[in-house]
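As structure tokens, the structure follows; a few thoughts come after it.
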Amino acid sequence: MYKFGKSILAILLIAGALQSKTTFAQNTSPILDHQVIHKFGELLSFEAVLAPDLDVEKVEVFFNSQGSANTQVESVEIREQNYVSLFYSLEEENPLRAFAPVRYRFVVTQTDGEKLESEDFEFFYEDNRYRWEVLEEGPFRVHWYAGETDFGQDVLDVAQLGADTLQDTLDLPIPQELDIYVYSRASDLRQALDLSGKPWLAGHANPDLGIVLVSVIPGPEQSLEMEREVPHEVAHAMLYEKVGDNYANIPAWLNEGIASLAELYPNPDYQQTLVDAADSGELVPLADLCQDFPDDTLSAGLAYAQSNSFVRYISRTYGPAGLDRLVDAYSNGASCEEGTNIALGQPLSAIERTWSSSAINANPGLGAFGQLLPWLIIAVVPIGLSLGFTALRARQKEA
Ligand SMILES: [Zn+2]
């Protein structure tokens with residue numbers, strides 16, 4: 001068997017490459033043998049041994065990530081005898097989708113113009129900057145690099161509990177397999193996804209790939225982060241499992257609102273953010289949250305808070321069946337405004353008006369209720385202080 005150039009492998013090792021996914025294959029003409037190595041976000045190398053007796057003019061490699069229509073075509077250098085290689089830098093511009101299978105094939109053009117194609121091969125473009133531990137239970141497989149085995153088990157338990165919690169409200173199927181990658185720093189996750197423009201992002205779902213990514217920072221807040229983020233991302237995967245490729249037609253406010261229903265420890269800032277925005281007349285029209293959420297942290301926080309509150313309102317008002325009909329309407333192609341009309345009998349803007357006035361009325365610091373506050377304090381405080389405090393806590397938890 002042909003020995004691949006030691007110098008090339010040495011370069012990768014010197015560069016600090018971790019164990020990469022490597023594919024060796026024996027196949028028919030025009031490739032006798034080959035391997036592909038990647039160093040995540042830095043380098044991709046293809047090496048191949050051509051079949052003998054070819055009159056080669058050029059060799060090219062075609063590759064593209066699953067879910068991407070953009071196929072790269074790169075010339076492969078003929079180095080010695082029938083050995084060819086390509087070193088492709090991923091640092092400047094990376095066409096690969098993180099955590100996606102990448103399909104590739106070699107095409108040899110002979111001097112008489114005849115083209116010979118290899119079969120299609122595949123490698124998994126995993127983030128191999130880390131040594132992932134793996135633990136599996138039921139449909140969930142968790143990958144993590146910071147923490148002991150009990151950390152991985154906690155993630156599995158929280159994923160299952162979050163899925164069960166969501167199913168109490170909405171009948172969404174759990175995917176048969178779901179890989180959960182846990183970063184210990186949100187910045188590492190954003191870097192992996194090339195999403196540095198969203199500084200608030202701490203989790204992400206690639207549901208068409210059966211993969212979710214979360215960041216859980218080790219420390220005292222660890223379990224709260226885990227209980228919020230893992231179920232949230234699992235919920236996105238469950239929604240995709242139900243609607244498939246129509247996932248893209250689910251409005252962002254509904255998708256994120258449903259995901260927030262699964263959170264075992266909802267974001268404690270949601271309620272205050274919502275109250276402040278309602279108080280200052282800065283609620284964002286839901287029609288502006290159909291496609292995507294804003295990039296800046298404050299606006300994104302408000303978008304999540306509104307989506308959470310609005311979807312909870314729909315669930316309370318129309319019941320699980322109403323929420324279910326709403327998902328169906330959007331997955332069947334309804335527009336953002338019309339989906340609620342089809343499923344709930346009212347356009348989005350009408351339900352939004354009722355929701356926002358109900359949300360404001362639900363908060364005693366606002367509106368006419370606030371003007372009565374001095375009198376209420378005199379009347380209520382002596383007998384109801386602990387009761388009121390409990391009610392306030394309950395409202396905050398509900399967010
Ligand atoms: Zn989300």
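Residues are named by chain letter and number: chains run A, B, ... in the order of the structure tokens, numbers start at 1 in each chain, and ligands are numbered from 1 in the order shown.
Around ligand 1, using only C-alpha atoms and all ligand atoms and a cut-off of 7 Å, the residues in contact are His204, His232, Glu233, His236, Glu256 and Ala259 of chain A.
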Among region 45-119 of chain A, which ones does DSSP assign to strand (DSSP E or B) (computed from the backbone)? Answer as an MDAnalysis selection string. chainID A and resid 45:50 56:65 72:80 83:89 101:110 115:117
Any chance you could export the current selection's N, CA and C atoms as a short mmCIF file (atom, residue, chain, number, x, y, z; two decimals), in the first residue's frame?
```cif
data_model
loop_
_atom_site.label_atom_id
_atom_site.label_comp_id
_atom_site.auth_asym_id
_atom_site.auth_seq_id
_atom_site.Cartn_x
_atom_site.Cartn_y
_atom_site.Cartn_z
N SER A 45 -6.96 18.68 4.20
CA SER A 45 -6.04 18.10 3.22
C SER A 45 -6.63 16.84 2.59
N PHE A 46 -6.47 16.77 1.28
CA PHE A 46 -6.84 15.56 0.54
C PHE A 46 -5.56 14.98 -0.04
N GLU A 47 -5.39 13.70 0.08
CA GLU A 47 -4.26 13.03 -0.55
C GLU A 47 -4.80 11.79 -1.24
N ALA A 48 -4.22 11.47 -2.40
CA ALA A 48 -4.72 10.31 -3.13
C ALA A 48 -3.62 9.67 -3.96
N VAL A 49 -3.80 8.40 -4.20
CA VAL A 49 -2.93 7.66 -5.09
C VAL A 49 -3.74 7.28 -6.32
N LEU A 50 -3.26 7.74 -7.47
CA LEU A 50 -4.00 7.46 -8.71
C LEU A 50 -3.71 6.04 -9.20
N VAL A 56 -2.59 11.47 -17.24
CA VAL A 56 -3.28 12.51 -16.47
C VAL A 56 -2.92 13.91 -16.94
N GLU A 57 -3.96 14.71 -17.15
CA GLU A 57 -3.72 16.13 -17.42
C GLU A 57 -3.95 16.95 -16.15
N LYS A 58 -5.06 16.68 -15.47
CA LYS A 58 -5.30 17.39 -14.21
C LYS A 58 -6.18 16.53 -13.31
N VAL A 59 -6.11 16.85 -12.02
CA VAL A 59 -6.94 16.16 -11.03
C VAL A 59 -7.65 17.24 -10.21
N GLU A 60 -8.91 17.02 -9.99
CA GLU A 60 -9.68 17.97 -9.19
C GLU A 60 -10.43 17.22 -8.09
N VAL A 61 -10.72 17.94 -7.00
CA VAL A 61 -11.57 17.36 -5.96
C VAL A 61 -12.79 18.26 -5.81
N PHE A 62 -13.95 17.63 -5.77
CA PHE A 62 -15.22 18.33 -5.58
C PHE A 62 -15.69 18.02 -4.15
N PHE A 63 -16.06 19.04 -3.38
CA PHE A 63 -16.56 18.74 -2.04
C PHE A 63 -17.61 19.76 -1.62
N ASN A 64 -18.59 19.27 -0.85
CA ASN A 64 -19.58 20.18 -0.27
C ASN A 64 -20.21 19.58 0.98
N SER A 65 -20.62 20.48 1.88
CA SER A 65 -21.23 20.06 3.14
C SER A 65 -22.68 19.69 2.93
N GLN A 72 -17.51 23.11 -3.77
CA GLN A 72 -16.18 23.64 -4.07
C GLN A 72 -15.50 22.72 -5.08
N VAL A 73 -14.81 23.30 -6.03
CA VAL A 73 -14.01 22.52 -6.98
C VAL A 73 -12.58 23.06 -6.90
N GLU A 74 -11.64 22.21 -6.53
CA GLU A 74 -10.26 22.66 -6.35
C GLU A 74 -9.32 21.73 -7.11
N SER A 75 -8.28 22.33 -7.71
CA SER A 75 -7.28 21.52 -8.39
C SER A 75 -6.38 20.85 -7.38
N VAL A 76 -6.06 19.61 -7.66
CA VAL A 76 -5.19 18.84 -6.78
C VAL A 76 -3.82 18.76 -7.44
N GLU A 77 -2.79 19.01 -6.65
CA GLU A 77 -1.43 19.04 -7.21
C GLU A 77 -0.89 17.63 -7.41
N ILE A 78 -0.29 17.42 -8.59
CA ILE A 78 0.36 16.13 -8.85
C ILE A 78 1.79 16.24 -8.36
N ARG A 79 2.12 15.49 -7.31
CA ARG A 79 3.40 15.69 -6.63
C ARG A 79 4.49 14.73 -7.12
N GLU A 80 4.27 13.49 -7.09
CA GLU A 80 5.30 12.55 -7.51
C GLU A 80 4.61 11.27 -7.97
N TYR A 83 1.05 10.16 -6.99
CA TYR A 83 0.55 10.70 -5.72
C TYR A 83 0.13 12.15 -5.89
N VAL A 84 -1.11 12.47 -5.44
CA VAL A 84 -1.62 13.85 -5.58
C VAL A 84 -2.10 14.34 -4.22
N SER A 85 -2.07 15.65 -4.02
CA SER A 85 -2.52 16.18 -2.73
C SER A 85 -3.03 17.60 -2.89
N LEU A 86 -3.87 17.98 -1.95
CA LEU A 86 -4.39 19.36 -1.89
C LEU A 86 -4.41 19.78 -0.43
N PHE A 87 -3.83 20.95 -0.15
CA PHE A 87 -3.95 21.53 1.20
C PHE A 87 -4.80 22.78 1.06
N TYR A 88 -5.94 22.76 1.71
CA TYR A 88 -6.92 23.83 1.54
C TYR A 88 -7.06 24.57 2.87
N SER A 89 -6.71 25.84 2.86
CA SER A 89 -6.80 26.63 4.10
C SER A 89 -8.26 26.97 4.41
N PRO A 101 -21.67 16.30 7.68
CA PRO A 101 -20.93 15.40 6.79
C PRO A 101 -20.54 16.16 5.53
N VAL A 102 -19.34 15.90 5.04
CA VAL A 102 -18.87 16.53 3.80
C VAL A 102 -18.68 15.43 2.77
N ARG A 103 -19.34 15.58 1.64
CA ARG A 103 -19.19 14.60 0.54
C ARG A 103 -18.12 15.12 -0.41
N TYR A 104 -17.33 14.21 -0.95
CA TYR A 104 -16.29 14.62 -1.88
C TYR A 104 -15.99 13.51 -2.86
N ARG A 105 -15.41 13.92 -3.99
CA ARG A 105 -14.98 12.93 -4.99
C ARG A 105 -13.83 13.52 -5.80
N PHE A 106 -13.04 12.65 -6.36
CA PHE A 106 -11.92 13.06 -7.20
C PHE A 106 -12.33 12.90 -8.67
N VAL A 107 -11.90 13.85 -9.48
CA VAL A 107 -12.16 13.76 -10.92
C VAL A 107 -10.81 13.92 -11.63
N VAL A 108 -10.47 12.91 -12.41
CA VAL A 108 -9.21 12.93 -13.16
C VAL A 108 -9.53 13.20 -14.63
N THR A 109 -8.90 14.22 -15.19
CA THR A 109 -9.06 14.49 -16.62
C THR A 109 -7.80 14.01 -17.34
N GLN A 110 -7.97 13.16 -18.33
CA GLN A 110 -6.82 12.65 -19.09
C GLN A 110 -6.52 13.59 -20.26
N LYS A 115 -12.86 12.16 -18.80
CA LYS A 115 -12.92 12.41 -17.36
C LYS A 115 -13.27 11.12 -16.64
N LEU A 116 -12.52 10.81 -15.59
CA LEU A 116 -12.79 9.64 -14.77
C LEU A 116 -13.12 10.10 -13.36
N GLU A 117 -14.24 9.65 -12.84
CA GLU A 117 -14.67 10.10 -11.50
C GLU A 117 -14.53 8.97 -10.50
#
```
Residue contacts of Pro139 (chain A) (7 Å, only C-alpha atoms) excluding same-chain residues fewer than 6 positions away, as a list in words: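 In the requested format, the answer is Pro175, Gln176, Glu177 and Leu178 of chain A.
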Next, write the just-selected residues to a file, as a PDB file, in the first residue's frame, keeping all heavy atoms as the atom set.
```pdb
ATOM      1  N   PRO A 175     -36.419  13.261  18.358  1.00  0.00           N
ATOM      2  CA  PRO A 175     -35.676  12.598  17.274  1.00  0.00           C
ATOM      3  C   PRO A 175     -35.126  11.250  17.733  1.00  0.00           C
ATOM      4  O   PRO A 175     -34.862  11.053  18.917  1.00  0.00           O
ATOM      5  CB  PRO A 175     -34.522  13.571  16.986  1.00  0.00           C
ATOM      6  CG  PRO A 175     -34.943  14.876  17.544  1.00  0.00           C
ATOM      7  CD  PRO A 175     -35.850  14.576  18.691  1.00  0.00           C
ATOM      8  N   GLN A 176     -34.984  10.343  16.800  1.00  0.00           N
ATOM      9  CA  GLN A 176     -34.460   9.016  17.157  1.00  0.00           C
ATOM     10  C   GLN A 176     -33.018   9.088  17.620  1.00  0.00           C
ATOM     11  O   GLN A 176     -32.568   8.282  18.435  1.00  0.00           O
ATOM     12  CB  GLN A 176     -34.573   8.075  15.966  1.00  0.00           C
ATOM     13  CG  GLN A 176     -36.025   7.771  15.632  1.00  0.00           C
ATOM     14  CD  GLN A 176     -36.171   6.523  14.812  1.00  0.00           C
ATOM     15  OE1 GLN A 176     -35.282   6.179  14.051  1.00  0.00           O
ATOM     16  NE2 GLN A 176     -37.292   5.840  14.952  1.00  0.00           N
ATOM     17  N   GLU A 177     -32.276  10.045  17.069  1.00  0.00           N
ATOM     18  CA  GLU A 177     -30.894  10.266  17.497  1.00  0.00           C
ATOM     19  C   GLU A 177     -30.626  11.756  17.534  1.00  0.00           C
ATOM     20  O   GLU A 177     -31.002  12.474  16.613  1.00  0.00           O
ATOM     21  CB  GLU A 177     -29.903   9.649  16.489  1.00  0.00           C
ATOM     22  CG  GLU A 177     -29.815   8.153  16.543  1.00  0.00           C
ATOM     23  CD  GLU A 177     -28.737   7.628  15.598  1.00  0.00           C
ATOM     24  OE1 GLU A 177     -27.995   8.429  14.997  1.00  0.00           O
ATOM     25  OE2 GLU A 177     -28.659   6.407  15.462  1.00  0.00           O
ATOM     26  N   LEU A 178     -29.977  12.194  18.603  1.00  0.00           N
ATOM     27  CA  LEU A 178     -29.621  13.608  18.680  1.00  0.00           C
ATOM     28  C   LEU A 178     -28.279  13.728  19.397  1.00  0.00           C
ATOM     29  O   LEU A 178     -28.106  13.230  20.509  1.00  0.00           O
ATOM     30  CB  LEU A 178     -30.693  14.404  19.439  1.00  0.00           C
ATOM     31  CG  LEU A 178     -30.498  15.920  19.431  1.00  0.00           C
ATOM     32  CD1 LEU A 178     -30.689  16.490  18.017  1.00  0.00           C
ATOM     33  CD2 LEU A 178     -31.477  16.607  20.389  1.00  0.00           C
TER      34      LEU A 178
END
```
If you count only C-alpha atoms, which residues fall within 10 Å of Glu338 (chain A), apart from same-chain ones fewer than 6 positions away, as a PyMOL selection string? chain A and resi 329-330+344-349
Neighbouring residues of Cys290 (chain A) were defined as those with any atom within 6 Å, considering only C-alpha atoms; residues of the same chain fewer than 2 positions away were excluded. Please report them as a PyMOL selection string. chain A and resi 251-252+287-288
Taking into account only C-alpha atoms, which residue in the set A:Glu337, A:Asp328, A:Asp279, A:Glu114 is nearest to Ser356 (chain A)? A:Asp279
Using DSSP on the backbone coordinates, identify all residues within region 294-369 of chain A classified as alpha helix (DSSP H); present the result as a PyMOL selection string. chain A and resi 297-331+336-344+348-361+367-369
So which residues touch Ile314 (chain A) within 10 Å, counting only C-alpha atoms, skipping near sequence neighbours fewer than 6 positions away, as JSON, numbers by chain? {"A": [320, 322, 323, 326, 340, 344, 351, 352, 355]}
Could you jot down the CA of Leu189 (chain A) to CA of Glu122 (chain A) separation for me, Å, one decimal place?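 Calculated distance between CA of Leu189 (chain A) and CA of Glu122 (chain A) is 23.9 Å.
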Atom pair CA of Leu172 (chain A) / CA of Ile250 (chain A): separation (Å):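 Distance between the two atoms: 14.2 Å.
Here CA of Ala303 (chain A) and CA of Thr273 (chain A) stand 9.6 Å from one another.
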Quick one: everything within 10 Å of Val134 (chain A), counting only C-alpha atoms, minus sequence neighbours fewer than 2 positions away in the same chain. Send it as a PyMOL selection string. chain A and resi 131-132+136+141-145+149+152-153+179-181
Keeping N, CA and C atoms for every residue in the selection just given, could you write it to a file as an mmCIF file, in the first residue's frame?
```cif
data_model
loop_
_atom_site.group_PDB
_atom_site.id
_atom_site.type_symbol
_atom_site.label_atom_id
_atom_site.label_comp_id
_atom_site.auth_asym_id
_atom_site.auth_seq_id
_atom_site.Cartn_x
_atom_site.Cartn_y
_atom_site.Cartn_z
ATOM 1 N N ARG A 131 -10.881 17.284 22.655
ATOM 2 C CA ARG A 131 -11.022 15.836 22.781
ATOM 3 C C ARG A 131 -12.353 15.575 23.459
ATOM 4 N N TRP A 132 -13.315 15.197 22.673
ATOM 5 C CA TRP A 132 -14.678 15.050 23.183
ATOM 6 C C TRP A 132 -14.850 13.723 23.927
ATOM 7 N N GLU A 136 -23.914 8.059 25.962
ATOM 8 C CA GLU A 136 -25.147 7.908 25.186
ATOM 9 C C GLU A 136 -26.225 7.261 26.047
ATOM 10 N N ARG A 141 -26.989 11.557 22.594
ATOM 11 C CA ARG A 141 -25.563 11.253 22.726
ATOM 12 C C ARG A 141 -24.878 12.581 23.048
ATOM 13 N N VAL A 142 -24.259 12.663 24.220
ATOM 14 C CA VAL A 142 -23.655 13.924 24.628
ATOM 15 C C VAL A 142 -22.142 13.866 24.418
ATOM 16 N N HIS A 143 -21.588 14.975 23.944
ATOM 17 C CA HIS A 143 -20.142 15.111 23.737
ATOM 18 C C HIS A 143 -19.699 16.321 24.560
ATOM 19 N N TRP A 144 -18.677 16.167 25.373
ATOM 20 C CA TRP A 144 -18.194 17.287 26.169
ATOM 21 C C TRP A 144 -16.701 17.121 26.398
ATOM 22 N N TYR A 145 -16.036 18.223 26.749
ATOM 23 C CA TYR A 145 -14.577 18.127 26.940
ATOM 24 C C TYR A 145 -14.130 18.680 28.284
ATOM 25 N N THR A 149 -17.522 12.335 34.109
ATOM 26 C CA THR A 149 -18.613 11.559 33.517
ATOM 27 C C THR A 149 -19.972 11.994 34.053
ATOM 28 N N GLY A 152 -21.545 14.648 31.975
ATOM 29 C CA GLY A 152 -22.206 14.132 30.772
ATOM 30 C C GLY A 152 -23.547 13.499 31.097
ATOM 31 N N GLN A 153 -23.590 12.754 32.209
ATOM 32 C CA GLN A 153 -24.849 12.118 32.599
ATOM 33 C C GLN A 153 -25.904 13.177 32.930
ATOM 34 N N ASP A 179 -27.334 14.361 18.722
ATOM 35 C CA ASP A 179 -26.010 14.595 19.315
ATOM 36 C C ASP A 179 -25.973 15.979 19.950
ATOM 37 N N ILE A 180 -25.551 16.027 21.203
ATOM 38 C CA ILE A 180 -25.481 17.298 21.942
ATOM 39 C C ILE A 180 -24.008 17.576 22.247
ATOM 40 N N TYR A 181 -23.483 18.637 21.675
ATOM 41 C CA TYR A 181 -22.091 19.032 21.940
ATOM 42 C C TYR A 181 -22.097 20.159 22.971
#
```
